[in-house]
>>> print(open('entry22.cif').read())   # mmCIF, C-alpha atoms; chains and numbers go by the auth columns
data_work
loop_
_atom_site.group_PDB
_atom_site.id
_atom_site.type_symbol
_atom_site.label_atom_id
_atom_site.label_comp_id
_atom_site.label_asym_id
_atom_site.label_seq_id
_atom_site.Cartn_x
_atom_site.Cartn_y
_atom_site.Cartn_z
_atom_site.B_iso_or_equiv
_atom_site.auth_seq_id
_atom_site.auth_asym_id
ATOM 1 C CA MET A 1 -24.286 14.400 6.432 0.00 1 A
ATOM 2 C CA VAL A 2 -22.723 14.786 2.997 0.00 2 A
ATOM 3 C CA LEU A 3 -20.674 12.078 1.298 0.00 3 A
ATOM 4 C CA ILE A 4 -17.847 13.688 -0.654 0.00 4 A
ATOM 5 C CA ASP A 5 -14.772 12.584 -2.543 0.00 5 A
ATOM 6 C CA ALA A 6 -11.282 14.024 -2.917 0.00 6 A
ATOM 7 C CA ASN A 7 -12.359 16.233 -5.811 0.00 7 A
ATOM 8 C CA VAL A 8 -14.708 18.197 -3.556 0.00 8 A
ATOM 9 C CA LEU A 9 -11.908 18.745 -1.038 0.00 9 A
ATOM 10 C CA ALA A 10 -9.579 19.833 -3.818 0.00 10 A
ATOM 11 C CA ILE A 11 -12.173 22.251 -5.200 0.00 11 A
ATOM 12 C CA LEU A 12 -12.709 23.692 -1.725 0.00 12 A
ATOM 13 C CA PHE A 13 -9.034 24.327 -1.033 0.00 13 A
ATOM 14 C CA LEU A 14 -7.594 24.961 -4.518 0.00 14 A
ATOM 15 C CA VAL A 15 -9.428 28.173 -5.327 0.00 15 A
ATOM 16 C CA GLY A 16 -11.129 28.068 -8.691 0.00 16 A
ATOM 17 C CA PRO A 17 -14.476 28.511 -10.443 0.00 17 A
ATOM 18 C CA SER A 18 -16.289 25.896 -8.309 0.00 18 A
ATOM 19 C CA THR A 19 -14.854 26.856 -4.926 0.00 19 A
ATOM 20 C CA GLU A 20 -17.885 28.943 -3.953 0.00 20 A
ATOM 21 C CA ALA A 21 -20.175 25.969 -4.633 0.00 21 A
ATOM 22 C CA ALA A 22 -18.004 23.766 -2.401 0.00 22 A
ATOM 23 C CA ARG A 23 -18.067 26.425 0.335 0.00 23 A
ATOM 24 C CA ALA A 24 -21.857 26.646 0.055 0.00 24 A
ATOM 25 C CA LEU A 25 -22.083 22.863 0.408 0.00 25 A
ATOM 26 C CA LEU A 26 -19.920 23.007 3.545 0.00 26 A
ATOM 27 C CA ASP A 27 -21.904 25.946 4.946 0.00 27 A
ATOM 28 C CA ASN A 28 -25.145 24.052 4.359 0.00 28 A
ATOM 29 C CA ASP A 29 -23.933 20.853 6.087 0.00 29 A
ATOM 30 C CA ASP A 30 -20.501 20.591 7.684 0.00 30 A
ATOM 31 C CA ASP A 31 -20.841 16.887 8.540 0.00 31 A
ATOM 32 C CA TRP A 32 -18.744 15.654 5.648 0.00 32 A
ATOM 33 C CA ARG A 33 -17.951 11.950 5.298 0.00 33 A
ATOM 34 C CA SER A 34 -15.640 10.145 2.939 0.00 34 A
ATOM 35 C CA GLY A 35 -13.740 6.936 2.424 0.00 35 A
ATOM 36 C CA ALA A 36 -10.403 6.526 4.159 0.00 36 A
ATOM 37 C CA TYR A 37 -8.613 6.623 0.784 0.00 37 A
ATOM 38 C CA THR A 38 -9.661 10.244 0.189 0.00 38 A
ATOM 39 C CA LEU A 39 -6.531 11.742 1.743 0.00 39 A
ATOM 40 C CA ILE A 40 -4.311 9.677 -0.539 0.00 40 A
ATOM 41 C CA GLU A 41 -6.307 10.879 -3.533 0.00 41 A
ATOM 42 C CA LEU A 42 -6.067 14.470 -2.312 0.00 42 A
ATOM 43 C CA SER A 43 -2.289 14.195 -1.959 0.00 43 A
ATOM 44 C CA ASN A 44 -2.189 13.036 -5.595 0.00 44 A
ATOM 45 C CA VAL A 45 -4.260 16.057 -6.686 0.00 45 A
ATOM 46 C CA LEU A 46 -1.981 18.422 -4.773 0.00 46 A
ATOM 47 C CA THR A 47 1.150 16.753 -6.164 0.00 47 A
ATOM 48 C CA ARG A 48 -0.216 17.176 -9.684 0.00 48 A
ATOM 49 C CA SER A 49 -0.991 20.824 -8.922 0.00 49 A
ATOM 50 C CA MET A 50 2.618 21.307 -7.856 0.00 50 A
ATOM 51 C CA ARG A 51 3.853 19.765 -11.091 0.00 51 A
ATOM 52 C CA VAL A 52 1.351 21.309 -13.522 0.00 52 A
ATOM 53 C CA ARG A 53 0.281 24.583 -11.906 0.00 53 A
ATOM 54 C CA GLY A 54 3.428 25.416 -9.970 0.00 54 A
ATOM 55 C CA LEU A 55 1.798 25.105 -6.540 0.00 55 A
ATOM 56 C CA ALA A 56 4.539 25.528 -3.930 0.00 56 A
ATOM 57 C CA LEU A 57 5.321 22.543 -1.729 0.00 57 A
ATOM 58 C CA ALA A 58 4.744 24.532 1.462 0.00 58 A
ATOM 59 C CA LYS A 59 1.325 25.664 0.181 0.00 59 A
ATOM 60 C CA ALA A 60 0.409 22.110 -0.854 0.00 60 A
ATOM 61 C CA LYS A 61 1.312 20.836 2.619 0.00 61 A
ATOM 62 C CA SER A 62 -0.686 23.618 4.245 0.00 62 A
ATOM 63 C CA LEU A 63 -3.748 22.911 2.080 0.00 63 A
ATOM 64 C CA PHE A 64 -3.451 19.199 2.819 0.00 64 A
ATOM 65 C CA SER A 65 -3.346 19.874 6.564 0.00 65 A
ATOM 66 C CA GLU A 66 -6.436 22.079 6.371 0.00 66 A
ATOM 67 C CA ALA A 67 -8.316 19.480 4.350 0.00 67 A
ATOM 68 C CA GLN A 68 -7.199 16.697 6.664 0.00 68 A
ATOM 69 C CA GLU A 69 -8.442 18.613 9.690 0.00 69 A
ATOM 70 C CA LEU A 70 -11.812 19.081 8.007 0.00 70 A
ATOM 71 C CA ILE A 71 -12.386 15.535 6.748 0.00 71 A
ATOM 72 C CA GLU A 72 -10.503 13.267 9.157 0.00 72 A
ATOM 73 C CA PRO A 73 -13.321 13.077 11.749 0.00 73 A
ATOM 74 C CA GLY A 74 -15.664 11.891 8.977 0.00 74 A
ATOM 75 C CA LEU A 75 -13.417 9.264 7.394 0.00 75 A
ATOM 76 C CA VAL A 76 -14.959 5.814 7.193 0.00 76 A
ATOM 77 C CA VAL A 77 -13.843 2.454 5.882 0.00 77 A
ATOM 78 C CA VAL A 78 -15.942 1.516 2.882 0.00 78 A
ATOM 79 C CA VAL A 79 -16.256 -2.094 1.786 0.00 79 A
ATOM 80 C CA ASN A 80 -15.664 -1.804 -1.950 0.00 80 A
ATOM 81 C CA THR A 81 -17.986 -4.641 -2.902 0.00 81 A
ATOM 82 C CA ASP A 82 -20.781 -2.978 -0.907 0.00 82 A
ATOM 83 C CA ALA A 83 -20.137 0.266 -2.772 0.00 83 A
ATOM 84 C CA MET A 84 -20.263 -1.601 -6.085 0.00 84 A
ATOM 85 C CA THR A 85 -23.566 -3.228 -5.114 0.00 85 A
ATOM 86 C CA LEU A 86 -25.069 0.136 -4.193 0.00 86 A
ATOM 87 C CA ALA A 87 -23.804 1.716 -7.416 0.00 87 A
ATOM 88 C CA HIS A 88 -25.387 -1.136 -9.365 0.00 88 A
ATOM 89 C CA LYS A 89 -28.745 -0.657 -7.608 0.00 89 A
ATOM 90 C CA VAL A 90 -28.674 3.103 -8.188 0.00 90 A
ATOM 91 C CA SER A 91 -27.796 2.691 -11.875 0.00 91 A
ATOM 92 C CA HIS A 92 -30.970 0.659 -12.362 0.00 92 A
ATOM 93 C CA LEU A 93 -32.978 3.544 -10.904 0.00 93 A
ATOM 94 C CA GLY A 94 -31.663 5.833 -13.616 0.00 94 A
ATOM 95 C CA LEU A 95 -29.803 8.084 -11.185 0.00 95 A
#
>>> encode(input="entry22.cif", output="structure tokens")
Amino acid sequence: MVLIDANVLAILFLVGPSTEAARALLDNDDDWRSGAYTLIELSNVLTRSMRVRGLALAKAKSLFSEAQELIEPGLVVVVNTDAMTLAHKVSHLGL
């Protein structure tokens, strides 16, 4: 199981310098999990790519659908205060 965020999905589907690393991560473990908000964040990334990089709407929708198909089975609801508590504990470990 790998916990990922919207940036990893974006890197996987918007081909660029880090795409191969994202593909390797997926090949190594395809049980990806993420918070339920990830798809909203991904739609924001794709919308920005349309505006800034000229990504076509049809392509953005297609990429979103592919990403949704990949991550939707692994979406979980994360209690934000629990995430903050964990982040606080980890920060004291120097990680």
>>> atom_distance(input="entry22.cif", atom1="atom CA of A:Leu12", atom2="atom CA of A:Ala87")
25.3 Å
>>> resolve_selection(input="entry22.cif", expression="the PyMOL selection byres ((chain A and resi 74) around 12)", output="ChimeraX atom specification")
/A:1-5,30-36,38-39,67-73,75-77
>>> resolve_selection(input="entry22.cif", expression="the PyMOL selection byres ((chain A and resi 44-51) around 12)", output="ChimeraX atom specification")
/A:5-11,13-15,37-43,52-65,67
>>> atom_distance(input="entry22.cif", atom1="atom CA of A:Val90", atom2="atom CA of A:Ala22")
24.0 Å
>>> atom_distance(input="entry22.cif", atom1="atom CA of A:Arg23", atom2="atom CA of A:Glu66")
13.8 Å
>>> build_atoms(input="entry22.cif", residues="stretch 5-24 of chain A", atoms="N, CA, C and O atoms", output="CSV table (one decimal), in the coordinates of the input")
chain,number,residue,atom,x,y,z
A,5,ASP,N,-16.0,13.2,-2.1
A,5,ASP,CA,-14.8,12.6,-2.5
A,5,ASP,C,-13.6,13.6,-2.6
A,5,ASP,O,-13.8,14.8,-2.3
A,6,ALA,N,-12.5,13.2,-2.9
A,6,ALA,CA,-11.3,14.0,-2.9
A,6,ALA,C,-11.4,15.2,-3.8
A,6,ALA,O,-10.9,16.3,-3.5
A,7,ASN,N,-12.2,15.1,-4.9
A,7,ASN,CA,-12.4,16.2,-5.8
A,7,ASN,C,-13.1,17.4,-5.1
A,7,ASN,O,-12.7,18.6,-5.4
A,8,VAL,N,-14.0,17.1,-4.3
A,8,VAL,CA,-14.7,18.2,-3.6
A,8,VAL,C,-13.7,18.9,-2.6
A,8,VAL,O,-13.7,20.1,-2.5
A,9,LEU,N,-12.9,18.1,-1.9
A,9,LEU,CA,-11.9,18.7,-1.0
A,9,LEU,C,-10.9,19.6,-1.9
A,9,LEU,O,-10.6,20.7,-1.5
A,10,ALA,N,-10.5,19.1,-3.0
A,10,ALA,CA,-9.6,19.8,-3.8
A,10,ALA,C,-10.2,21.1,-4.3
A,10,ALA,O,-9.6,22.2,-4.3
A,11,ILE,N,-11.5,21.1,-4.7
A,11,ILE,CA,-12.2,22.3,-5.2
A,11,ILE,C,-12.3,23.3,-4.1
A,11,ILE,O,-12.2,24.5,-4.3
A,12,LEU,N,-12.6,22.8,-2.9
A,12,LEU,CA,-12.7,23.7,-1.7
A,12,LEU,C,-11.4,24.4,-1.4
A,12,LEU,O,-11.4,25.6,-1.2
A,13,PHE,N,-10.3,23.7,-1.5
A,13,PHE,CA,-9.0,24.3,-1.0
A,13,PHE,C,-8.2,24.9,-2.2
A,13,PHE,O,-7.4,25.8,-1.9
A,14,LEU,N,-8.3,24.4,-3.4
A,14,LEU,CA,-7.6,25.0,-4.5
A,14,LEU,C,-8.6,25.9,-5.2
A,14,LEU,O,-9.4,25.5,-6.0
A,15,VAL,N,-8.4,27.2,-4.9
A,15,VAL,CA,-9.4,28.2,-5.3
A,15,VAL,C,-9.6,28.2,-6.8
A,15,VAL,O,-8.6,28.2,-7.6
A,16,GLY,N,-10.8,28.1,-7.3
A,16,GLY,CA,-11.1,28.1,-8.7
A,16,GLY,C,-12.6,28.4,-8.9
A,16,GLY,O,-13.3,28.8,-8.0
A,17,PRO,N,-13.1,28.1,-10.1
A,17,PRO,CA,-14.5,28.5,-10.4
A,17,PRO,C,-15.5,27.8,-9.6
A,17,PRO,O,-16.6,28.3,-9.4
A,18,SER,N,-15.3,26.6,-9.1
A,18,SER,CA,-16.3,25.9,-8.3
A,18,SER,C,-16.1,26.0,-6.8
A,18,SER,O,-16.9,25.4,-6.1
A,19,THR,N,-15.1,26.8,-6.4
A,19,THR,CA,-14.9,26.9,-4.9
A,19,THR,C,-16.0,27.4,-4.1
A,19,THR,O,-16.4,26.9,-3.1
A,20,GLU,N,-16.7,28.4,-4.7
A,20,GLU,CA,-17.9,28.9,-4.0
A,20,GLU,C,-19.0,27.9,-3.8
A,20,GLU,O,-19.6,27.9,-2.7
A,21,ALA,N,-19.2,27.0,-4.8
A,21,ALA,CA,-20.2,26.0,-4.6
A,21,ALA,C,-19.8,25.0,-3.5
A,21,ALA,O,-20.6,24.5,-2.8
A,22,ALA,N,-18.5,24.7,-3.5
A,22,ALA,CA,-18.0,23.8,-2.4
A,22,ALA,C,-18.2,24.4,-1.0
A,22,ALA,O,-18.6,23.8,-0.1
A,23,ARG,N,-17.9,25.7,-0.9
A,23,ARG,CA,-18.1,26.4,0.3
A,23,ARG,C,-19.5,26.4,0.7
A,23,ARG,O,-19.9,26.3,1.9
A,24,ALA,N,-20.4,26.6,-0.2
A,24,ALA,CA,-21.9,26.6,0.1
A,24,ALA,C,-22.3,25.3,0.6
A,24,ALA,O,-23.1,25.2,1.5
